[in-house]
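Q: Dumping the structure here so I can ask a few things about it.
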Number of protein chains: 6
Amino acid sequence: MNWREIEEHVARALAEDVGIGDVTTQCIVSDDARGRAVVVAREAGVVAGLPLVELVYGRLDGRVQVARLVQEGSAVSVGCRVAVLVGPTRALLSGERVALNYLQYLSGIATRTAALVGAVHGTRARIVDTRKTVPGLRALAKYAVRQGGGTNHRFGLFDGVLIKDNHIAASGGVREAVCRARAVASHLLRIEVEADSLAQVREALDAGADVILLDNMGPDQLREAVELCRGRARTEASGGITAQNIRAVAETGVDLISVGALTHSVTALDLGLDWEPAEACPERNPAAG
Amino acid sequence: MNWREIEEHVARALAEDVGIGDVTTQCIVSDDARGRAVVVAREAGVVAGLPLVELVYGRLDGRVQVARLVQEGSAVSVGCRVAVLVGPTRALLSGERVALNYLQYLSGIATRTAALVGAVHGTRARIVDTRKTVPGLRALAKYAVRQGGGTNHRFGLFDGVLIKDNHIAASGGVREAVCRARAVASHLLRIEVEADSLAQVREALDAGADVILLDNMGPDQLREAVELCRGRARTEASGGITAQNIRAVAETGVDLISVGALTHSVTALDLGLDWEPAEACPERNPAAG
Amino acid sequence: MNWREIEEHVARALAEDVGIGDVTTQCIVSDDARGRAVVVAREAGVVAGLPLVELVYGRLDGRVQVARLVQEGSAVSVGCRVAVLVGPTRALLSGERVALNYLQYLSGIATRTAALVGAVHGTRARIVDTRKTVPGLRALAKYAVRQGGGTNHRFGLFDGVLIKDNHIAASGGVREAVCRARAVASHLLRIEVEADSLAQVREALDAGADVILLDNMGPDQLREAVELCRGRARTEASGGITAQNIRAVAETGVDLISVGALTHSVTALDLGLDWEPAEACPERNPAAG
Amino acid sequence: MNWREIEEHVARALAEDVGIGDVTTQCIVSDDARGRAVVVAREAGVVAGLPLVELVYGRLDGRVQVARLVQEGSAVSVGCRVAVLVGPTRALLSGERVALNYLQYLSGIATRTAALVGAVHGTRARIVDTRKTVPGLRALAKYAVRQGGGTNHRFGLFDGVLIKDNHIAASGGVREAVCRARAVASHLLRIEVEADSLAQVREALDAGADVILLDNMGPDQLREAVELCRGRARTEASGGITAQNIRAVAETGVDLISVGALTHSVTALDLGLDWEPAEACPERNPAAG
Amino acid sequence: MNWREIEEHVARALAEDVGIGDVTTQCIVSDDARGRAVVVAREAGVVAGLPLVELVYGRLDGRVQVARLVQEGSAVSVGCRVAVLVGPTRALLSGERVALNYLQYLSGIATRTAALVGAVHGTRARIVDTRKTVPGLRALAKYAVRQGGGTNHRFGLFDGVLIKDNHIAASGGVREAVCRARAVASHLLRIEVEADSLAQVREALDAGADVILLDNMGPDQLREAVELCRGRARTEASGGITAQNIRAVAETGVDLISVGALTHSVTALDLGLDWEPAEACPERNPAAG
Amino acid sequence: MNWREIEEHVARALAEDVGIGDVTTQCIVSDDARGRAVVVAREAGVVAGLPLVELVYGRLDGRVQVARLVQEGSAVSVGCRVAVLVGPTRALLSGERVALNYLQYLSGIATRTAALVGAVHGTRARIVDTRKTVPGLRALAKYAVRQGGGTNHRFGLFDGVLIKDNHIAASGGVREAVCRARAVASHLLRIEVEADSLAQVREALDAGADVILLDNMGPDQLREAVELCRGRARTEASGGITAQNIRAVAETGVDLISVGALTHSVTALDLGLDWEPAEACPERNPAAG
């Protein structure tokens, strides 16, 4: 993560929610009240986003202490205490929603990623994400994928060459497209080519593609494509992947399986904030804050 | 929508994806190629986000023409042509993912909202959103809720007073909390109080709350609470609302039903870009662009 | 106050004044000189803006210590020592003007507000500000109003509904206007309607307005309007309010009196910086800085 | 004026006022309503800020046409029509307050400046401003001074050397201070030295000051100082200048008279917006917009 | 080039130079004067940066027309007319220095690159740049390298894996370092390894490096290294490359030659602005502007 | 230096290089590895830019300690140890290039400046820079000139009046141009006029110029011009200055010699980073960091 951009993201998120001020809290809660709250998992999953919780409170009020009770990226069960927050009640209340919005969203991504990673355990396949992310959230979404055990595909259009149908059509053929990319792109970037059929796989291999994206193929076709590519190019299966069929896809021997739904259709993990008497602070980490 | 902030959102989204440049397209597609593509619905739903598609392409290359084929906020069926894009092929390719990411996400929100609005048709209940939005996307998410026929709750902590358990605890009681809010908050803000039981509903009414948030109550309890509030305060049902039970909740007579999942757990609407021969432009709106 | 935006305001104010550097000080004052200066009131008033003085110096040079000698929002008489600054002479000199510009401007607002608040003492009327603020200074100006004992009206167009003549004309009547606002605006926003005559007051009440803005009415008419609104709507007197007539207005029983001049025509409070021998630091707060 | 910074100022001013949206107008006024309004002077003065009115509406909605009816910097009498605005009613209403806030504030500065410039007519004295400006408004305030016929002193600490008491104290004497400034500052900057007495005037002259700031001197002392400086340095009178005594000060022969109150204590010029039937547009400038 | 960032670069460059205004021009040149000037090469070289000249003037004053007389990236001889500028004299004068600063710097880079590209003509070697760029100028510097016929190495630390001595030391060996990179980095990034000796070349090849950086080797050693890598990895020569020895390096058969001095030590190309009578505009492109 | 802008410069430089992350280091170097490196001069010169090195590492990772081994602005010989860096290996590696890019560039400027300052030693001439700086780097470049013993000319178009040929042409003559500038410009700015011949020098003197820019004159003509200006105006020699002829120019008696190449054609000073065993920290300054 590029820290500076993440900090600006948090700053904008707080501006978005708090705006000119938390009217309710400023009216009702006295400036010197102190409180204590615990982030609790209300369903099982993988936690991602604890650094964001820390950033939210750090920016809102440096006196809030956030102590992690589980490690970032670890699996939690229902009722698990995830983090404890101690500090001025006003800040605890004003930051609650933004902190949970980050944590629930990222944990939702990590949880689904971990489920798919588990489903392909023992095969050679890596689970990778796509560029189908909510605008403005890509770095965070991809971070959450890593916390769930997945691997990142390219971050954007700038750090990888991926030649699709339309690029091929626009350049007059696979061979021509790969050739142009080789001539101009940095020598540190590999070239991946999308293929919808075995014929296209062969064409891409002949053109010198480094990676072949096998789009919307069934297990049998995938297996054949993997065979063709052996020793010549890496393979990535993509399109129509579900929790149900992913194992079968992985067993075809593909190197990578990319899943858009990891990041385009996220179900938030249910995490909540429970308040506790402020005076009792057994878990408080004296070094924190 | 505050246009300036939306434009900056789009600018950041493009920077995030395109970064220092779309390597693939720059290498392969010639600068003077022109193309034509159509946004097509691959599943039924409500379309929201067309202005974002226009902003994305407007910023990327002013020569791209975006012509809407359906109105923003309208329902579409599978195969429906949503918008047509004509312009430099490079720009069409480089902007595709960002444009679709916005459109699929916002249409996903509008689609689910419309389903719930339909489910309560004929009752007095309005479907409202919450502050459980992906950080940085609130204005857009709330805009999509409106396109789906929903109504917006407050935008943030600044444009409404909502007193929850912890505010009450911190101030020594409902009466005290409402009283302090009345004394300090702008006279243009109403005061809403959360209640978990009928006893708390009565307390809030006595304290002078303008709106009562009925948290996690079943239909019977809701009905009773609505009765208590009649003529004294508006009512909002919240917590545990699903597509299955929302009709029953609405029939209790509550004024508002708030649903966090509208925005915290979004399933993207499946929309894609189909390429067409650039020369054939029957639908092109000559006034556009 | 939203801290982040205030910090950016200070940063811009310093950039505006210091620009590429304080030529005079850099040429003449040695880098290791240390000094001591006291902010002194040269006329009586209410002090507001001490946190800004701290921000100015904190950003300019973290080694400057600012110790408050009076509390923010307190009344001071001529000659009163308001704050003491100790630190590098260069920073003290370079920040002087920006710090005083904030302090004098905000104290000017607080002082006039306090005078009007005093004038209505014993009545039910609250003194409120308006949106007639110098562009870019609204949050600070409204903060200063609070320090002077006033209450804030809405912050902008986003946190309150205020229907004026032109809105009514554009919608075809008060009833229609209020009705539309009710249907669309958040249920947490009250609806205020401007009325120039008792007939309009009645119309607004019948339309269901929550607050009536009584525009440019004399005391007798105000009294009658207040009578009409009793138990049905809050009342706000506005227009032509002066230090001379405000008591009479307040005694009509209105809930709020709004005064544009509080913020659109500010007379700076005369505060200056007196230099003292740096070695003598009796008031220096050892915990500060 | 540096156009880019002014545009950002306007953008922030609109964000400050409009925020997430003008709730009232969006609820009540239909999207296709068009209106017409005239800026009218409610008191006599000098108009400054028309470019800001144009920027406000240009940013809010490019379809609003702003036609000036008087020239920037011209004197207007009560009832004078200053500018006419035609366009979408929503935009006209949403931008009204920000546009008027700029116009009233800047016209207030220009009006007072013009009064003082008139008061010294026929003498050699130029009226100049100071750095006592509301933070963030300096470029605009100094622009308004010019519209009122005044001249600008330095813009900040970066474009002029002005040696005050404390600089002298910190460097060990006038001669030493001027000498250091000469050695380090750009050869394109003049050196001005503050003097409180005739003895100090002599010292500054001997040290080679280019300009002498005559601080808080009465007419007789000023006259003597001017005599001393003749042919050796320019003179600037400062401190305690009022509309009453400024003529006497000017007649002492000083080159410049600086007045802090021009910008630190501004009385807004009373300008308002009157609505007219939209269809009648006699004054509309067809080339505008 | 990412257009948005380039525009911001230009905006900052103008702010840096023009600041609060071009005092000289504003004082002396009347607002309605129009002029005409020609950019002329005062020495031979390759022109790069014409889009920047257009951006500078476009931002400063949209009425300035910039017509290119040579193509971007073309070689020019002494006296060659490069571009003609027509428009308000004030804008022409105020933008001159910033426009020329961009043009001279980028043309300086393109010119030196073209010289080296010419020197290796007929060999397989491509001339590539490095990350040794003036901070903030990388995208522009790399753009200029392309205009001179060079190819870009990675843009930053994010779009390529390049393992140097210290990475190897920190990971316990070449094999371990390459292995870790393979496991974590995107499958679209190649892995380059630095080698100072033939032994290290062999080690890197065995570890599976895709590219070998041959650091500071003489022609004989380079030739041997190229031989070792044939069919197994690409080769990049780096370190101590001069105009004198680059041909010999290229003839060893390396794929790439990287030259830090292309961008870290730039000699500006001498280009100037000659003024002409404004009325005579033979070359003016009527479609421009 | 204006600290805030410098910090933003560093932030942009890091974003430019590190972007979404240093892939190589993140893959290969463990998070808890610590290292130690020394900045070493590989050629003789004057060091400028150490504060930038500190800013780069401070922003990247606050745990990196930078201890200076020589003073900013001091001359170093080959092999001289300039600064020692201790901290997390990841941060040391990721920041290396940006830190060195600043240091090498600024030291290159300081080194050349110092050479020219040395060449005119004993004469009255000061070496000054120009506005011919790489866009975005002016403040830093001018800072480096000061470190090398030079003096800064004006920073931009805003802090000095310099009337050139084209200004004169546009205003109808030197006298008219100087007169207009006197009337409008701040009284704290001097007026410099460019002259190409002795006739023009006389004209400028008669018009009342404060400084004369003697453009492209040989030593004899310079000497004559200096004679003409004695006691009436300062003199600045400019154009065609080289290390070879600068002594002769200085001996003509001019006050200032301006050299564009100081900043438009910079040769980076060769400085590198040598890694050392982390455990040995003899020079570590315990107070640093």
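Residues in the structure tokens are numbered from 1 in each chain, the chains being A, B, ... in the order shown, and ligands are numbered from 1 in the order shown.
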Considering only C-alpha atoms, return as a PyMOL selection string whatever protein or nucleic-acid residues lie within 10 Å of Asp32 of chain E, sequence-local ones (same chain, fewer than 2 positions apart) excluded.

A: chain E and resi 29-30+34-35+87-90

Q: If you count only C-alpha atoms, which residues fall within 6 Å of segment 129-144 of chain A, apart from same-chain ones fewer than 4 positions away, as a list in words?

A: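 After dropping sequence-adjacent residues, the list is Ala48, Leu106, Ile109, Ala110, Asn152, His153, Ser258, Val259, Gly260, Thr263 and His264 of chain A; Ala13 of chain B.
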
Q: Please save all heavy atoms of the selected residues as a CSV table (one decimal), in the first residue's frame.

A:
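Below is the file that was written, selection-v4.csv:
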```
chain,number,residue,atom,x,y,z
A,48,ALA,N,-9.8,-8.1,7.6
A,48,ALA,CA,-8.8,-7.2,6.9
A,48,ALA,C,-9.3,-5.8,7.0
A,48,ALA,O,-10.5,-5.5,7.0
A,48,ALA,CB,-8.8,-7.6,5.4
A,106,LEU,N,-13.5,-4.6,3.6
A,106,LEU,CA,-12.3,-5.3,3.3
A,106,LEU,C,-12.3,-6.7,3.8
A,106,LEU,O,-11.8,-7.6,3.2
A,106,LEU,CB,-11.1,-4.5,3.8
A,106,LEU,CG,-10.9,-3.1,3.2
A,106,LEU,CD1,-9.8,-2.4,3.8
A,106,LEU,CD2,-10.8,-3.2,1.7
A,109,ILE,N,-14.1,-8.9,1.4
A,109,ILE,CA,-13.3,-9.4,0.3
A,109,ILE,C,-12.4,-10.5,0.7
A,109,ILE,O,-12.2,-11.5,0.1
A,109,ILE,CB,-12.5,-8.2,-0.3
A,109,ILE,CG1,-13.4,-7.2,-0.9
A,109,ILE,CG2,-11.5,-8.7,-1.3
A,109,ILE,CD1,-12.8,-5.9,-1.4
A,110,ALA,N,-11.7,-10.3,1.9
A,110,ALA,CA,-10.8,-11.3,2.3
A,110,ALA,C,-11.4,-12.6,2.6
A,110,ALA,O,-10.9,-13.7,2.4
A,110,ALA,CB,-10.1,-10.7,3.6
A,152,ASN,N,-2.3,-10.8,-6.5
A,152,ASN,CA,-2.9,-9.7,-7.3
A,152,ASN,C,-2.5,-9.9,-8.8
A,152,ASN,O,-1.3,-10.2,-9.1
A,152,ASN,CB,-2.3,-8.4,-6.8
A,152,ASN,CG,-2.8,-8.0,-5.4
A,152,ASN,OD1,-2.0,-7.4,-4.7
A,152,ASN,ND2,-4.0,-8.4,-5.1
A,153,HIS,N,-3.4,-9.7,-9.7
A,153,HIS,CA,-3.2,-9.5,-11.1
A,153,HIS,C,-2.6,-8.1,-11.2
A,153,HIS,O,-2.2,-7.4,-10.2
A,153,HIS,CB,-4.5,-9.6,-11.8
A,153,HIS,CG,-4.4,-10.1,-13.2
A,153,HIS,ND1,-3.8,-9.4,-14.2
A,153,HIS,CD2,-4.8,-11.3,-13.8
A,153,HIS,CE1,-3.8,-10.1,-15.4
A,153,HIS,NE2,-4.5,-11.2,-15.2
A,258,SER,N,-8.7,-16.2,-12.3
A,258,SER,CA,-9.1,-14.8,-11.9
A,258,SER,C,-10.6,-14.7,-11.7
A,258,SER,O,-11.4,-15.3,-12.5
A,258,SER,CB,-8.6,-13.8,-12.9
A,258,SER,OG,-9.2,-14.1,-14.2
A,259,VAL,N,-11.0,-14.0,-10.7
A,259,VAL,CA,-12.4,-14.0,-10.3
A,259,VAL,C,-12.8,-12.5,-10.0
A,259,VAL,O,-12.5,-11.9,-9.0
A,259,VAL,CB,-12.6,-14.8,-8.9
A,259,VAL,CG1,-14.1,-14.8,-8.6
A,259,VAL,CG2,-12.0,-16.2,-9.1
A,260,GLY,N,-13.6,-12.0,-10.9
A,260,GLY,CA,-14.1,-10.6,-10.8
A,260,GLY,C,-14.9,-10.4,-9.6
A,260,GLY,O,-14.9,-9.3,-9.0
A,263,THR,N,-14.1,-8.7,-6.1
A,263,THR,CA,-14.1,-7.3,-5.8
A,263,THR,C,-15.3,-6.5,-6.4
A,263,THR,O,-15.5,-5.4,-5.9
A,263,THR,CB,-12.8,-6.7,-6.3
A,263,THR,OG1,-12.7,-7.0,-7.7
A,263,THR,CG2,-11.6,-7.2,-5.6
A,264,HIS,N,-16.0,-7.1,-7.4
A,264,HIS,CA,-17.1,-6.2,-7.9
A,264,HIS,C,-18.4,-6.5,-7.2
A,264,HIS,O,-19.3,-5.6,-7.2
A,264,HIS,CB,-17.2,-6.3,-9.4
A,264,HIS,CG,-17.8,-7.6,-10.0
A,264,HIS,ND1,-18.9,-8.2,-9.6
A,264,HIS,CD2,-17.3,-8.4,-11.0
A,264,HIS,CE1,-19.2,-9.3,-10.3
A,264,HIS,NE2,-18.2,-9.4,-11.1
B,13,ALA,N,-10.3,7.9,-10.2
B,13,ALA,CA,-10.6,6.5,-10.7
B,13,ALA,C,-9.7,6.3,-12.0
B,13,ALA,O,-9.2,5.2,-12.1
B,13,ALA,CB,-12.0,6.4,-10.9
```

Q: Excluding same-chain residues fewer than 4 positions from segment 253-255 of chain B, what lies within 7 Å of it counting only C-alpha atoms, as a ChimeraX atom specification?

A: /B:124-126,223,226,234-237

Q: Please find the residues of chain D near chain C - the criterion being any atom within 7 Å, counting only C-alpha atoms - and write them as a CSV table (one decimal) with N, CA, C and O atoms, in the first residue's frame.

A:
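Heads up, here's the output in selection39.csv:
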```
chain,number,residue,atom,x,y,z
D,12,ARG,N,-13.9,26.5,-3.7
D,12,ARG,CA,-14.0,26.2,-2.2
D,12,ARG,C,-15.2,26.9,-1.6
D,12,ARG,O,-15.9,26.4,-0.8
D,13,ALA,N,-15.5,28.1,-2.1
D,13,ALA,CA,-16.6,28.9,-1.6
D,13,ALA,C,-17.9,28.2,-1.9
D,13,ALA,O,-18.8,28.1,-1.1
D,16,GLU,N,-18.2,25.1,0.2
D,16,GLU,CA,-18.6,25.5,1.5
D,16,GLU,C,-20.1,25.7,1.7
D,16,GLU,O,-20.7,25.4,2.7
D,17,ASP,N,-20.7,26.4,0.7
D,17,ASP,CA,-22.1,26.7,0.8
D,17,ASP,C,-23.0,25.6,0.3
D,17,ASP,O,-24.0,25.3,0.9
D,18,VAL,N,-22.7,25.1,-0.8
D,18,VAL,CA,-23.6,24.1,-1.4
D,18,VAL,C,-23.3,22.7,-0.9
D,18,VAL,O,-24.3,21.9,-0.8
D,19,GLY,N,-22.1,22.4,-0.6
D,19,GLY,CA,-21.8,21.1,0.0
D,19,GLY,C,-22.4,19.9,-0.8
D,19,GLY,O,-22.2,19.9,-2.0
D,20,ILE,N,-23.1,19.0,-0.2
D,20,ILE,CA,-23.7,17.9,-0.9
D,20,ILE,C,-24.9,18.3,-1.8
D,20,ILE,O,-25.4,17.4,-2.5
D,21,GLY,N,-25.3,19.5,-1.7
D,21,GLY,CA,-26.4,19.9,-2.6
D,21,GLY,C,-27.3,21.0,-1.9
D,21,GLY,O,-27.4,21.0,-0.7
D,22,ASP,N,-28.0,21.8,-2.7
D,22,ASP,CA,-28.9,22.8,-2.2
D,22,ASP,C,-30.3,22.0,-2.1
D,22,ASP,O,-31.1,21.9,-3.0
D,23,VAL,N,-30.5,21.5,-0.9
D,23,VAL,CA,-31.7,20.7,-0.6
D,23,VAL,C,-32.9,21.4,-1.0
D,23,VAL,O,-33.8,20.8,-1.7
D,24,THR,N,-33.1,22.6,-0.6
D,24,THR,CA,-34.3,23.3,-0.9
D,24,THR,C,-34.6,23.4,-2.3
D,24,THR,O,-35.7,23.1,-2.8
D,25,THR,N,-33.7,23.9,-3.1
D,25,THR,CA,-33.9,24.1,-4.5
D,25,THR,C,-34.1,22.8,-5.2
D,25,THR,O,-35.0,22.7,-6.1
D,27,CYS,N,-35.4,20.1,-4.1
D,27,CYS,CA,-36.7,19.6,-3.8
D,27,CYS,C,-37.8,20.3,-4.5
D,27,CYS,O,-38.8,19.7,-5.0
D,28,ILE,N,-37.7,21.6,-4.6
D,28,ILE,CA,-38.8,22.5,-5.0
D,28,ILE,C,-38.8,22.9,-6.4
D,28,ILE,O,-39.9,23.0,-7.0
D,29,VAL,N,-37.7,23.3,-6.9
D,29,VAL,CA,-37.6,23.9,-8.2
D,29,VAL,C,-37.4,22.9,-9.3
D,29,VAL,O,-36.5,22.0,-9.1
D,98,VAL,N,-23.4,33.0,-2.5
D,98,VAL,CA,-21.9,33.0,-2.7
D,98,VAL,C,-21.5,34.2,-3.6
D,98,VAL,O,-20.6,35.0,-3.3
D,101,ASN,N,-22.0,37.3,-1.6
D,101,ASN,CA,-21.0,37.5,-0.6
D,101,ASN,C,-19.7,38.0,-1.1
D,101,ASN,O,-19.0,38.9,-0.5
D,102,TYR,N,-19.2,37.5,-2.3
D,102,TYR,CA,-18.0,38.1,-2.9
D,102,TYR,C,-18.3,39.6,-3.3
D,102,TYR,O,-17.4,40.4,-3.0
D,105,TYR,N,-18.6,42.1,-0.4
D,105,TYR,CA,-17.4,42.3,0.4
D,105,TYR,C,-16.3,43.1,-0.4
D,105,TYR,O,-15.8,44.1,0.1
D,132,LYS,N,-2.9,43.6,6.5
D,132,LYS,CA,-4.0,43.2,7.4
D,132,LYS,C,-5.3,42.8,6.7
D,132,LYS,O,-6.2,43.6,6.6
D,133,THR,N,-5.2,41.7,6.1
D,133,THR,CA,-6.4,41.2,5.3
D,133,THR,C,-6.9,39.9,5.9
D,133,THR,O,-6.2,39.2,6.7
D,134,VAL,N,-8.2,39.6,5.7
D,134,VAL,CA,-8.7,38.4,6.2
D,134,VAL,C,-8.0,37.2,5.5
D,134,VAL,O,-7.8,37.2,4.3
D,135,PRO,N,-7.5,36.2,6.3
D,135,PRO,CA,-6.7,35.2,5.7
D,135,PRO,C,-7.4,34.5,4.6
D,135,PRO,O,-8.6,34.1,4.6
D,136,GLY,N,-6.6,34.3,3.5
D,136,GLY,CA,-7.2,33.6,2.3
D,136,GLY,C,-7.8,34.6,1.3
D,136,GLY,O,-8.1,34.2,0.2
D,156,GLY,N,3.1,40.4,0.2
D,156,GLY,CA,3.4,39.5,1.3
D,156,GLY,C,4.8,39.7,1.8
D,156,GLY,O,5.4,40.8,1.5
D,157,LEU,N,5.3,38.8,2.5
D,157,LEU,CA,6.6,38.9,3.1
D,157,LEU,C,7.7,38.7,2.1
D,157,LEU,O,8.9,38.9,2.4
D,158,PHE,N,7.3,38.3,0.9
D,158,PHE,CA,8.3,37.9,-0.1
D,158,PHE,C,8.6,38.9,-1.2
D,158,PHE,O,9.6,38.8,-1.9
D,161,VAL,N,11.1,44.4,1.3
D,161,VAL,CA,11.8,44.4,2.6
D,161,VAL,C,11.3,45.5,3.4
D,161,VAL,O,11.4,46.7,3.0
D,162,LEU,N,10.7,45.2,4.5
D,162,LEU,CA,10.2,46.2,5.4
D,162,LEU,C,10.8,45.9,6.8
D,162,LEU,O,10.4,44.9,7.5
D,163,ILE,N,11.7,46.8,7.3
D,163,ILE,CA,12.4,46.5,8.5
D,163,ILE,C,11.7,47.3,9.7
D,163,ILE,O,11.6,48.5,9.6
D,167,HIS,N,13.0,43.8,14.0
D,167,HIS,CA,14.1,43.4,13.2
D,167,HIS,C,15.3,44.2,13.6
D,167,HIS,O,16.4,43.6,13.6
D,170,ALA,N,16.7,42.9,16.8
D,170,ALA,CA,17.3,41.6,16.6
D,170,ALA,C,18.6,41.6,15.9
D,170,ALA,O,19.4,40.7,15.9
D,171,SER,N,18.9,42.7,15.2
D,171,SER,CA,20.2,42.8,14.4
D,171,SER,C,21.2,43.7,15.0
D,171,SER,O,22.3,43.8,14.5
D,177,ALA,N,21.1,46.4,10.2
D,177,ALA,CA,19.9,45.7,9.5
D,177,ALA,C,19.9,46.0,8.0
D,177,ALA,O,19.7,45.1,7.2
D,180,ARG,N,22.7,44.2,6.2
D,180,ARG,CA,22.5,42.8,5.9
D,180,ARG,C,21.4,42.6,4.8
D,180,ARG,O,21.6,41.7,4.0
D,181,ALA,N,20.4,43.4,4.8
D,181,ALA,CA,19.4,43.2,3.8
D,181,ALA,C,20.0,43.5,2.4
D,181,ALA,O,19.7,42.8,1.5
D,184,VAL,N,22.0,40.5,1.0
D,184,VAL,CA,21.4,39.2,0.8
D,184,VAL,C,20.1,39.3,-0.1
D,184,VAL,O,19.9,38.5,-1.0
D,185,ALA,N,19.3,40.3,0.1
D,185,ALA,CA,18.1,40.4,-0.7
D,185,ALA,C,18.4,40.7,-2.2
D,185,ALA,O,19.4,41.2,-2.5
D,264,HIS,N,-9.0,45.3,7.0
D,264,HIS,CA,-9.3,44.5,8.2
D,264,HIS,C,-10.6,44.7,8.7
D,264,HIS,O,-11.1,43.8,9.5
D,265,SER,N,-11.3,45.8,8.4
D,265,SER,CA,-12.6,46.0,9.0
D,265,SER,C,-13.5,46.5,7.8
D,265,SER,O,-13.7,47.7,7.6
D,266,VAL,N,-14.1,45.6,7.1
D,266,VAL,CA,-14.8,45.9,5.9
D,266,VAL,C,-16.3,45.9,6.2
D,266,VAL,O,-16.9,45.1,6.8
D,267,THR,N,-17.0,47.0,5.7
D,267,THR,CA,-18.4,47.0,5.8
D,267,THR,C,-18.9,46.7,4.4
D,267,THR,O,-18.6,47.3,3.4
D,268,ALA,N,-19.7,45.6,4.3
D,268,ALA,CA,-20.2,45.1,3.0
D,268,ALA,C,-21.1,46.1,2.4
D,268,ALA,O,-21.8,46.8,3.1
```

Q: Find the residues near Gly58 of chain C: any atom within 12 Å, counting only C-alpha atoms, skip ones fewer than 5 places away on the same chain, and give them as a VMD selection string.

A: chain C and resid 7 10 to 11 14 51 to 53 63 to 66 85 87 91 to 92 95 99 288 to 289

Q: Let's see if you can do this: from backbone DSSP, list all helix (DSSP H, G or I) residues in segment 60-243 of chain B, as a ChimeraX atom specification.

A: /B:60,89-119,138-147,165-171,174-184,198-207,219-229

Q: Please run DSSP on the backbone and report, as a PyMOL selection string, all residues within segment 43-258 of chain F that come out as strand (DSSP E or B).

A: chain F and resi 45-46+65-68+75-76+81-88+126-128+151+161-163+189+191-195+211-215+234-238+256-258

Q: Any idea what the distance is between atom CA of Ala243 of chain E and atom CA of Ser74 of chain E?

A: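 Pair atom CA of Ala243 of chain E / atom CA of Ser74 of chain E returns 20.8 Å.
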
Q: Which distance in Å separates atom CA of Ala199 of chain B and atom CA of Thr252 of chain B, to one decimal?

A: 18.3 Å

Q: When you draw a straight line from atom CA of Leu273 of chain F to atom CA of Gly73 of chain F, how long is it in Å?

A: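 Those two atoms sit 19.1 Å apart.
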